[in-house]
Amino acid sequence: MTNNLTNKNIDILENPVLKMEHLHVAYGKTDKYAVRDVSATIKKNAITAIMGPSGCGKSTLLRAINRMHQLYPDIKTLGNIYLNDEDITKMSAIHLRRKIGMVFQRPNPFPTMSIYDNVVAGYKLNGIRMKKNERDAIVEKSLISVGLWDEVKDSLRKKGTFLSGGQQQRLCIARAIAFKPDVILLDEPTSALDPIATSKVEDLLVQLKKEYTIVLVTHNMSQAARISDYSMFMYLGDLVEYGKTKMMFTNPRDKKTEEYLTGKFG
Amino acid sequence: MKSDTITKYVLFISSLVVLLVSAGMVLSLVGDAVPVFEKFGWRFIISTDWNPTEGRESYGALPFIAGTISTSVLALLICLPMAFATSLFVAEYFRKTYVSSILGSMVDLLAGVPSIVYGLWGFYTLRPFIVSLGLDAQGYGIFTAGLILAIMIIPYATSISSEIIAMVPVELKEAAYSLGATRYEVIMYVVLPNARSGIVASFILAFGRALGETMAVTMLIGNTNIIPTGLFSTGNSMASVIANQFGEADGLKMSALIAIGLLLFVITGIINALGKMVIKRMSR
Amino acid sequence: MGQKNSVKMEAHKLKDNSAYRTLKDKVFLIGVIIVSVITISPIVLIIGKLVWEGVGQINFSFFTETTPSTFEAMTAVANNEVIPGGIVNGIMGTFLIVGMASLIAIPIGILIGLFLYENQQSRYAGLIRSLSDILQGVPSIVLGLISYLWVVKNVVQGYSALAGSVALAVMMLPLIIRSTEETMKMIPGTLKEAALALGVPYYKVIIRVLIPSGFSGLATGVLLAISRILGETAPLMLTTLGNPMINWDITAPTSAVPLLIWNFYNDPNMINLIWSSSLFLMGFVLTMNIISKRLVAKI
Ligand SMILES: Nc1ncnc2c1ncn2[C@@H]1O[C@H](COP(=O)(O)OP(=O)(O)O)[C@@H](O)[C@H]1O
Ligand SMILES: [Mg+2]
């Protein structure tokens, strides 16, 4: 099982939630891979950051995990991904995406829905009927988890788009966790936010890792240093280095990683 | 610098043409409709009598109003699912693909077919088909006219709807997919609510088109001056009564036809203004 | 704890409904495809019918001779022959009426479009824009009535090509106004400003800069407007009446291809001519359409 997966992985193979094997992703018919031969495992109840310069394939890798690429017929994905030892290509996309929540770069609450409906959007979209008190409980619990409850509890019927950018992003996180996923994927969730909103989201992620496994794409290394437990460094589609964040920042093994972390490019 | 002032004036004066044509149109229609309204008052709109016999002349527009509304509403109802499906085909399911551009061009071609050609095709192909289905013995009437009208307005509804559907942000659709929604659910809960006012506007404008169509309806509606009593009943529309009876009209009858033209002008004006308003409110 | 259980339960429910939802998704897609194909099928059927029934009648004399009399047509049909004569009076009439409508509507429409472009924000321009939108929605039969009241009753005092042209010009006008304004908005403002900064008079900027750089956009608008009015029948019934001979007098009754189709349709002896005439009209309209689309693609 651990053939050549180990070279870039240190001591984190126990208890993996996600496991990627020789993952390749290509856009269009070109033989140029945006993600090339990535193998890695993701630890449960930890924050794993994916770093790297813009265009190195971070989003592409992240979107392979919940099979977002399958929406676009031109994108080709090779290799295997396992969620709790289950091959994700053998699961229905519906089921997979319910297990893996996603938060996007720009906050994208549904503009036609109220704050309340945004939180339970996953249930509505999936055609799950609930009693009102069940629904209320989920909304309250999710909004409390993202620290938004006190701010919006009196305006739950207002449109989510009236909130500030930071609030909208936390609403999107609430929308993702209302569905109790195993994993949350976040693609540069703070790049559109101001520093105060950013630190609120960071604090929130640290809170959430108690219950969820978090994969966070960021091109902000200090963010990775602040909140992540494990870090991947990608460059031109390759996974160059992967390890404990503390180790990587203090003692990078690869020269490219070191150059990136010392700000020589990126 | 002097020439610039002249240029500005020339542009301004040409803009007056729109003002003059619009005002002149209203004044002429109202002016020539006056005799019939003086004689019959509001009864002209609510009466079903249409009798040009000298001495016993009596004109009421209700059958024609009813004919226009019923054919147009029927056309709208038929057009709804068809334009809706076609818009989804072009702007969602097969967006930016070869099939979608072919289908889109064919819809555009539908918009280019002259009204009279639709009438001919309706008369020689659609009408016999309806007869052979046993729906109606003659094949004339509200249903046939409404069906051909539907085909005629589909391109208008489709072109606006598909434009609006294509504009729904990808991020919103992806957000829904990431929550486990199927494409059908994404369309129902994300695409449609976000494109709603544009789609509504496109159908309002298409309805406005249907109200004023003349030739195809004239050739298929049966041209009987009665209020249609059912789907396969014959009737007459406002536009077709003008087209049919204009040749032999003068005096009070001419005034009655012009008054019908005025009513048609007002109704289509209101419908179009409504559609434009919805679009404007949406773009804000 | 109860909370957690209920969520677990939801997970099971979800698993259960996913097959049903996937099926619904597929069925909907198939429905969309079927309905879309049905929606576009009339264009295939219409063109097929026109070609099938019409090609046989199209010959040299179709384009060079005037319409036959009912009697000639009847004799030909009785002897199983192709109906003699053609529709040249209609073709020439269409050229005359549409040409004159274009001469009226194109320059005025472009000027008004330029005015709207120059006065984007002004309230007066907003009013003109709205009125032009309303004009665009006026049914063509009403435009026929208007032209009848203006030209037939007052100016020419008789049915005439000019009356038809006025009706069609009013129909073209809003289309040209709109396409001109849209085209002008696409031209980079710096182009105009650079020329104005050099002290070039504004009318020269219009003629030398704005119109040439927006040419293909303007041409597209014009061609689309012409293709829209080519097939108009109703307004011509009220204004130009028809004429069995070729006529170049703009104050005299004139024929047009769509009017001929209407006449043929109403005359049982001429019925065979409707298809060839329609095929010709349709071909003409579609050619215009395609040329204008080509122009768009070129920009
Ligand atoms: N939709 C797409 N079509 C084609 N190429 C793409 C697409 N999205 C990303 N790419 C290419 O794939 C590579 C990786 O992109 P991405 O994963 O978005 O990088 P990152 O998120 O690290 O900035 C880049 O070279 C980018 O140009
Ligand atoms: Mg990215």
# chains A, B, ... in the order shown; residues from 1 in each chain; ligands from 1
call {"tool": "interface_residues", "arguments": {"of": "chain B", "to": "chain C", "cutoff": "6 Å", "atoms": "only C-alpha atoms", "output": "list in words"}}
result
Asp4, Thr7, Leu11, Ser14, Ser15, Met82, Ala85, Thr86, Leu110, Pro114, Tyr184, Gly212 and Gly261 of chain B
call {"tool": "residues_near_ligand", "arguments": {"ligand": "ligand 2", "cutoff": "10 Å", "atoms": "only C-alpha atoms and all ligand atoms", "output": "short mmCIF file (atom, residue, chain, number, x, y, z; two decimals) with N, CA and C atoms, in the first residue's frame"}}
result
data_model
loop_
_atom_site.label_atom_id
_atom_site.label_comp_id
_atom_site.auth_asym_id
_atom_site.auth_seq_id
_atom_site.Cartn_x
_atom_site.Cartn_y
_atom_site.Cartn_z
N GLY A 52 1.59 27.47 -2.50
CA GLY A 52 2.31 27.48 -3.76
C GLY A 52 1.98 28.73 -4.54
N PRO A 53 2.83 29.08 -5.49
CA PRO A 53 2.58 30.29 -6.27
C PRO A 53 1.31 30.15 -7.10
N SER A 54 0.79 31.27 -7.52
CA SER A 54 -0.44 31.28 -8.30
C SER A 54 -0.27 30.45 -9.57
N GLY A 55 -1.27 29.63 -9.87
CA GLY A 55 -1.22 28.83 -11.09
C GLY A 55 -0.51 27.50 -10.93
N CYS A 56 -0.11 27.14 -9.70
CA CYS A 56 0.67 25.92 -9.53
C CYS A 56 -0.23 24.69 -9.44
N GLY A 57 -1.56 24.89 -9.39
CA GLY A 57 -2.46 23.75 -9.40
C GLY A 57 -3.17 23.47 -8.08
N LYS A 58 -3.13 24.44 -7.16
CA LYS A 58 -3.76 24.22 -5.85
C LYS A 58 -5.26 24.00 -5.99
N SER A 59 -5.92 24.93 -6.69
CA SER A 59 -7.37 24.80 -6.84
C SER A 59 -7.70 23.53 -7.61
N THR A 60 -6.91 23.24 -8.61
CA THR A 60 -7.17 22.06 -9.42
C THR A 60 -7.12 20.80 -8.57
N LEU A 61 -6.14 20.74 -7.68
CA LEU A 61 -6.03 19.58 -6.78
C LEU A 61 -7.25 19.51 -5.86
N LEU A 62 -7.59 20.65 -5.27
CA LEU A 62 -8.70 20.68 -4.31
C LEU A 62 -10.00 20.23 -4.97
N ARG A 63 -10.22 20.73 -6.20
CA ARG A 63 -11.49 20.44 -6.86
C ARG A 63 -11.57 19.01 -7.36
N PHE A 104 -15.66 28.62 -1.30
CA PHE A 104 -14.99 29.16 -2.48
C PHE A 104 -14.22 30.44 -2.16
N GLN A 105 -13.45 30.85 -3.17
CA GLN A 105 -12.59 32.02 -3.00
C GLN A 105 -13.41 33.27 -2.72
N ASP A 187 -11.01 27.05 -0.68
CA ASP A 187 -10.10 27.55 -1.72
C ASP A 187 -9.84 29.04 -1.50
N GLU A 188 -8.73 29.37 -0.91
CA GLU A 188 -8.38 30.75 -0.58
C GLU A 188 -9.57 31.51 -0.02
N VAL A 217 -6.68 25.76 0.83
CA VAL A 217 -5.75 26.30 -0.16
C VAL A 217 -5.47 27.74 0.21
N THR A 218 -4.22 28.11 0.22
CA THR A 218 -3.90 29.50 0.52
C THR A 218 -2.63 29.88 -0.22
N HIS A 219 -2.56 31.11 -0.68
CA HIS A 219 -1.27 31.53 -1.21
C HIS A 219 -0.60 32.49 -0.23
#
call {"tool": "interface_residues", "arguments": {"of": "chain B", "to": "chain A", "cutoff": "7 Å", "atoms": "only C-alpha atoms", "output": "list in words"}}
result
Glu171, Leu172, Ser178, Leu179, Gly180, Ala181, Thr182, Glu185, Tyr189, Pro193 and Asn194 of chain B
call {"tool": "write_last_selection", "arguments": {"atoms": "N, CA, C and O atoms", "output": "PDB file, in the first residue's frame"}}
result
ATOM      1  N   GLU B 171     -20.081  30.487 -10.121  1.00  0.00           N
ATOM      2  CA  GLU B 171     -19.796  30.220  -8.699  1.00  0.00           C
ATOM      3  C   GLU B 171     -21.043  29.736  -7.960  1.00  0.00           C
ATOM      4  O   GLU B 171     -20.947  28.907  -7.056  1.00  0.00           O
ATOM      5  N   LEU B 172     -22.208  30.314  -8.338  1.00  0.00           N
ATOM      6  CA  LEU B 172     -23.430  29.909  -7.641  1.00  0.00           C
ATOM      7  C   LEU B 172     -23.788  28.473  -7.985  1.00  0.00           C
ATOM      8  O   LEU B 172     -24.177  27.678  -7.128  1.00  0.00           O
ATOM      9  N   SER B 178     -21.540  21.640  -5.115  1.00  0.00           N
ATOM     10  CA  SER B 178     -20.683  21.207  -4.008  1.00  0.00           C
ATOM     11  C   SER B 178     -21.514  20.766  -2.807  1.00  0.00           C
ATOM     12  O   SER B 178     -21.000  20.135  -1.896  1.00  0.00           O
ATOM     13  N   LEU B 179     -22.795  21.113  -2.801  1.00  0.00           N
ATOM     14  CA  LEU B 179     -23.669  20.649  -1.721  1.00  0.00           C
ATOM     15  C   LEU B 179     -24.372  19.352  -2.110  1.00  0.00           C
ATOM     16  O   LEU B 179     -25.237  18.872  -1.386  1.00  0.00           O
ATOM     17  N   GLY B 180     -24.040  18.814  -3.266  1.00  0.00           N
ATOM     18  CA  GLY B 180     -24.595  17.519  -3.652  1.00  0.00           C
ATOM     19  C   GLY B 180     -25.787  17.584  -4.580  1.00  0.00           C
ATOM     20  O   GLY B 180     -26.440  16.575  -4.824  1.00  0.00           O
ATOM     21  N   ALA B 181     -26.079  18.770  -5.102  1.00  0.00           N
ATOM     22  CA  ALA B 181     -27.252  18.888  -5.961  1.00  0.00           C
ATOM     23  C   ALA B 181     -26.989  18.242  -7.318  1.00  0.00           C
ATOM     24  O   ALA B 181     -25.865  18.225  -7.807  1.00  0.00           O
ATOM     25  N   THR B 182     -28.057  17.704  -7.921  1.00  0.00           N
ATOM     26  CA  THR B 182     -27.958  17.246  -9.301  1.00  0.00           C
ATOM     27  C   THR B 182     -28.148  18.449 -10.206  1.00  0.00           C
ATOM     28  O   THR B 182     -28.542  19.526  -9.762  1.00  0.00           O
ATOM     29  N   GLU B 185     -31.534  19.867 -10.026  1.00  0.00           N
ATOM     30  CA  GLU B 185     -31.761  20.675  -8.817  1.00  0.00           C
ATOM     31  C   GLU B 185     -31.058  22.022  -8.909  1.00  0.00           C
ATOM     32  O   GLU B 185     -31.575  23.053  -8.450  1.00  0.00           O
ATOM     33  N   TYR B 189     -33.268  25.283  -8.447  1.00  0.00           N
ATOM     34  CA  TYR B 189     -33.108  26.079  -7.224  1.00  0.00           C
ATOM     35  C   TYR B 189     -32.107  27.219  -7.362  1.00  0.00           C
ATOM     36  O   TYR B 189     -32.091  28.125  -6.538  1.00  0.00           O
ATOM     37  N   PRO B 193     -34.273  30.657 -10.216  1.00  0.00           N
ATOM     38  CA  PRO B 193     -34.534  31.810  -9.351  1.00  0.00           C
ATOM     39  C   PRO B 193     -33.667  33.018  -9.701  1.00  0.00           C
ATOM     40  O   PRO B 193     -34.124  34.152  -9.636  1.00  0.00           O
ATOM     41  N   ASN B 194     -32.415  32.765 -10.112  1.00  0.00           N
ATOM     42  CA  ASN B 194     -31.545  33.883 -10.429  1.00  0.00           C
ATOM     43  C   ASN B 194     -31.869  34.515 -11.777  1.00  0.00           C
ATOM     44  O   ASN B 194     -31.550  35.673 -12.010  1.00  0.00           O
TER      45      ASN B 194
END
call {"tool": "atom_distance", "arguments": {"atom1": "atom CA of A:Gly79", "atom2": "atom CA of A:Ala40"}}
result
11.8 Å
call {"tool": "residues_around", "arguments": {"residues": "B:Leu149", "least_positions_apart": "3", "cutoff": "10 Å", "atoms": "only C-alpha atoms", "output": "PyMOL selection string"}}
result
chain B and resi 71-76+78-79+115+118-119+122+143-146+152-154+206-207+209-211+213-214+216-217
call {"tool": "write_last_selection", "arguments": {"atoms": "N, CA and C atoms", "output": "PDB file, in the first residue's frame"}}
result
ATOM      1  N   THR B  71     -55.927  33.717 -28.543  1.00  0.00           N
ATOM      2  CA  THR B  71     -54.852  33.119 -29.347  1.00  0.00           C
ATOM      3  C   THR B  71     -53.488  33.415 -28.730  1.00  0.00           C
ATOM      4  N   SER B  72     -53.312  34.646 -28.228  1.00  0.00           N
ATOM      5  CA  SER B  72     -52.000  35.012 -27.685  1.00  0.00           C
ATOM      6  C   SER B  72     -51.698  34.279 -26.391  1.00  0.00           C
ATOM      7  N   VAL B  73     -52.728  34.142 -25.534  1.00  0.00           N
ATOM      8  CA  VAL B  73     -52.500  33.423 -24.277  1.00  0.00           C
ATOM      9  C   VAL B  73     -52.170  31.960 -24.574  1.00  0.00           C
ATOM     10  N   LEU B  74     -52.916  31.380 -25.507  1.00  0.00           N
ATOM     11  CA  LEU B  74     -52.633  29.998 -25.882  1.00  0.00           C
ATOM     12  C   LEU B  74     -51.211  29.874 -26.426  1.00  0.00           C
ATOM     13  N   ALA B  75     -50.838  30.839 -27.285  1.00  0.00           N
ATOM     14  CA  ALA B  75     -49.483  30.826 -27.843  1.00  0.00           C
ATOM     15  C   ALA B  75     -48.456  30.895 -26.720  1.00  0.00           C
ATOM     16  N   LEU B  76     -48.724  31.758 -25.753  1.00  0.00           N
ATOM     17  CA  LEU B  76     -47.783  31.908 -24.641  1.00  0.00           C
ATOM     18  C   LEU B  76     -47.650  30.597 -23.878  1.00  0.00           C
ATOM     19  N   ILE B  78     -48.171  27.550 -24.924  1.00  0.00           N
ATOM     20  CA  ILE B  78     -47.431  26.542 -25.692  1.00  0.00           C
ATOM     21  C   ILE B  78     -45.955  26.908 -25.751  1.00  0.00           C
ATOM     22  N   CYS B  79     -45.709  28.214 -25.903  1.00  0.00           N
ATOM     23  CA  CYS B  79     -44.331  28.696 -26.051  1.00  0.00           C
ATOM     24  C   CYS B  79     -43.526  28.472 -24.771  1.00  0.00           C
ATOM     25  N   SER B 115     -44.250  36.295 -41.710  1.00  0.00           N
ATOM     26  CA  SER B 115     -45.552  35.923 -41.160  1.00  0.00           C
ATOM     27  C   SER B 115     -46.419  35.199 -42.191  1.00  0.00           C
ATOM     28  N   TYR B 118     -45.465  31.600 -42.551  1.00  0.00           N
ATOM     29  CA  TYR B 118     -46.025  30.826 -41.440  1.00  0.00           C
ATOM     30  C   TYR B 118     -47.488  30.521 -41.702  1.00  0.00           C
ATOM     31  N   GLY B 119     -48.186  31.525 -42.224  1.00  0.00           N
ATOM     32  CA  GLY B 119     -49.607  31.339 -42.516  1.00  0.00           C
ATOM     33  C   GLY B 119     -49.817  30.224 -43.529  1.00  0.00           C
ATOM     34  N   GLY B 122     -48.966  26.911 -42.021  1.00  0.00           N
ATOM     35  CA  GLY B 122     -50.034  26.557 -41.076  1.00  0.00           C
ATOM     36  C   GLY B 122     -51.253  26.052 -41.832  1.00  0.00           C
ATOM     37  N   PHE B 143     -57.105  27.270 -31.727  1.00  0.00           N
ATOM     38  CA  PHE B 143     -55.998  26.360 -31.452  1.00  0.00           C
ATOM     39  C   PHE B 143     -54.935  26.436 -32.540  1.00  0.00           C
ATOM     40  N   THR B 144     -55.369  26.336 -33.784  1.00  0.00           N
ATOM     41  CA  THR B 144     -54.403  26.370 -34.893  1.00  0.00           C
ATOM     42  C   THR B 144     -53.667  27.709 -34.920  1.00  0.00           C
ATOM     43  N   ALA B 145     -54.419  28.779 -34.779  1.00  0.00           N
ATOM     44  CA  ALA B 145     -53.790  30.102 -34.798  1.00  0.00           C
ATOM     45  C   ALA B 145     -52.822  30.257 -33.623  1.00  0.00           C
ATOM     46  N   GLY B 146     -53.254  29.788 -32.451  1.00  0.00           N
ATOM     47  CA  GLY B 146     -52.390  29.901 -31.270  1.00  0.00           C
ATOM     48  C   GLY B 146     -51.113  29.087 -31.430  1.00  0.00           C
ATOM     49  N   MET B 152     -44.089  31.212 -33.797  1.00  0.00           N
ATOM     50  CA  MET B 152     -43.544  32.499 -34.209  1.00  0.00           C
ATOM     51  C   MET B 152     -42.872  33.257 -33.063  1.00  0.00           C
ATOM     52  N   ILE B 153     -43.382  33.109 -31.845  1.00  0.00           N
ATOM     53  CA  ILE B 153     -42.815  33.913 -30.745  1.00  0.00           C
ATOM     54  C   ILE B 153     -41.721  33.174 -29.975  1.00  0.00           C
ATOM     55  N   ILE B 154     -41.594  31.870 -30.221  1.00  0.00           N
ATOM     56  CA  ILE B 154     -40.552  31.106 -29.515  1.00  0.00           C
ATOM     57  C   ILE B 154     -39.162  31.739 -29.654  1.00  0.00           C
ATOM     58  N   ALA B 206     -42.512  38.412 -25.651  1.00  0.00           N
ATOM     59  CA  ALA B 206     -42.991  37.475 -26.668  1.00  0.00           C
ATOM     60  C   ALA B 206     -44.516  37.556 -26.777  1.00  0.00           C
ATOM     61  N   PHE B 207     -45.171  37.687 -25.648  1.00  0.00           N
ATOM     62  CA  PHE B 207     -46.633  37.821 -25.637  1.00  0.00           C
ATOM     63  C   PHE B 207     -47.038  39.076 -26.409  1.00  0.00           C
ATOM     64  N   ARG B 209     -45.499  40.402 -28.844  1.00  0.00           N
ATOM     65  CA  ARG B 209     -45.369  40.069 -30.267  1.00  0.00           C
ATOM     66  C   ARG B 209     -46.618  39.365 -30.769  1.00  0.00           C
ATOM     67  N   ALA B 210     -47.055  38.377 -29.993  1.00  0.00           N
ATOM     68  CA  ALA B 210     -48.187  37.554 -30.427  1.00  0.00           C
ATOM     69  C   ALA B 210     -49.438  38.413 -30.635  1.00  0.00           C
ATOM     70  N   LEU B 211     -49.632  39.391 -29.753  1.00  0.00           N
ATOM     71  CA  LEU B 211     -50.847  40.206 -29.833  1.00  0.00           C
ATOM     72  C   LEU B 211     -51.008  40.886 -31.192  1.00  0.00           C
ATOM     73  N   GLU B 213     -49.509  40.049 -34.213  1.00  0.00           N
ATOM     74  CA  GLU B 213     -49.269  39.296 -35.448  1.00  0.00           C
ATOM     75  C   GLU B 213     -50.532  39.250 -36.302  1.00  0.00           C
ATOM     76  N   THR B 214     -50.355  39.431 -37.583  1.00  0.00           N
ATOM     77  CA  THR B 214     -51.532  39.569 -38.434  1.00  0.00           C
ATOM     78  C   THR B 214     -51.747  38.404 -39.390  1.00  0.00           C
ATOM     79  N   ALA B 216     -50.466  35.369 -40.330  1.00  0.00           N
ATOM     80  CA  ALA B 216     -50.601  33.949 -40.010  1.00  0.00           C
ATOM     81  C   ALA B 216     -51.917  33.690 -39.278  1.00  0.00           C
ATOM     82  N   VAL B 217     -52.273  34.598 -38.366  1.00  0.00           N
ATOM     83  CA  VAL B 217     -53.523  34.428 -37.630  1.00  0.00           C
ATOM     84  C   VAL B 217     -54.706  34.561 -38.572  1.00  0.00           C
TER      85      VAL B 217
END
call {"tool": "residues_around", "arguments": {"residues": "A:Tyr260", "least_positions_apart": "6", "cutoff": "10 Å", "atoms": "only C-alpha atoms", "output": "PDB file with N, CA and C atoms, in the first residue's frame"}}
result
ATOM      1  N   MET A  51      -0.098  25.140  -0.307  1.00  0.00           N
ATOM      2  CA  MET A  51       0.525  26.417  -0.651  1.00  0.00           C
ATOM      3  C   MET A  51       1.176  26.313  -2.012  1.00  0.00           C
ATOM      4  N   GLY A  52       1.592  27.466  -2.501  1.00  0.00           N
ATOM      5  CA  GLY A  52       2.309  27.479  -3.763  1.00  0.00           C
ATOM      6  C   GLY A  52       1.980  28.726  -4.540  1.00  0.00           C
ATOM      7  N   PRO A  53       2.827  29.080  -5.493  1.00  0.00           N
ATOM      8  CA  PRO A  53       2.578  30.290  -6.270  1.00  0.00           C
ATOM      9  C   PRO A  53       1.313  30.153  -7.103  1.00  0.00           C
ATOM     10  N   MET A 221       1.453  32.462   2.949  1.00  0.00           N
ATOM     11  CA  MET A 221       2.146  31.467   3.778  1.00  0.00           C
ATOM     12  C   MET A 221       2.013  31.748   5.258  1.00  0.00           C
ATOM     13  N   PHE A 233       3.450  21.864  -0.309  1.00  0.00           N
ATOM     14  CA  PHE A 233       3.932  22.926  -1.180  1.00  0.00           C
ATOM     15  C   PHE A 233       3.905  22.412  -2.603  1.00  0.00           C
ATOM     16  N   TYR A 235       4.344  23.128  -6.840  1.00  0.00           N
ATOM     17  CA  TYR A 235       5.025  23.992  -7.797  1.00  0.00           C
ATOM     18  C   TYR A 235       4.853  23.398  -9.189  1.00  0.00           C
ATOM     19  N   GLY A 266       6.786  33.844  -5.917  1.00  0.00           N
ATOM     20  CA  GLY A 266       5.448  33.509  -5.421  1.00  0.00           C
ATOM     21  C   GLY A 266       4.465  34.623  -5.592  1.00  0.00           C
TER      22      GLY A 266
END
call {"tool": "residues_around", "arguments": {"residues": "A:Val139", "least_positions_apart": "3", "cutoff": "6 Å", "atoms": "only C-alpha atoms", "output": "ChimeraX atom specification"}}
result
/A:119,136,142
call {"tool": "write_last_selection", "arguments": {"atoms": "N, CA and C atoms", "output": "CSV table (one decimal), in the first residue's frame"}}
result
chain,number,residue,atom,x,y,z
A,119,VAL,N,-28.4,28.7,4.8
A,119,VAL,CA,-27.8,27.7,5.7
A,119,VAL,C,-28.3,26.3,5.4
A,136,ASP,N,-34.9,24.7,12.2
A,136,ASP,CA,-34.4,25.8,13.1
A,136,ASP,C,-33.2,25.4,13.8
A,142,SER,N,-25.5,25.7,13.2
A,142,SER,CA,-24.5,26.1,12.2
A,142,SER,C,-24.1,27.5,12.4
call {"tool": "select_by_dssp", "arguments": {"residues": "stretch 1-228 of chain B", "states": "helix (DSSP H, G or I)", "output": "ChimeraX atom specification"}}
result
/B:2-40,43-46,62-93,98-112,115-132,142-166,170-178,183-212,215-220
call {"tool": "residues_around", "arguments": {"residues": "C:Glu182", "least_positions_apart": "3", "cutoff": "9 Å", "atoms": "only C-alpha atoms", "output": "ChimeraX atom specification"}}
result
/C:113,117,177-179,185-186,217
call {"tool": "atom_distance", "arguments": {"atom1": "atom CA of C:Leu236", "atom2": "atom CA of C:Ala256"}}
result
8.1 Å
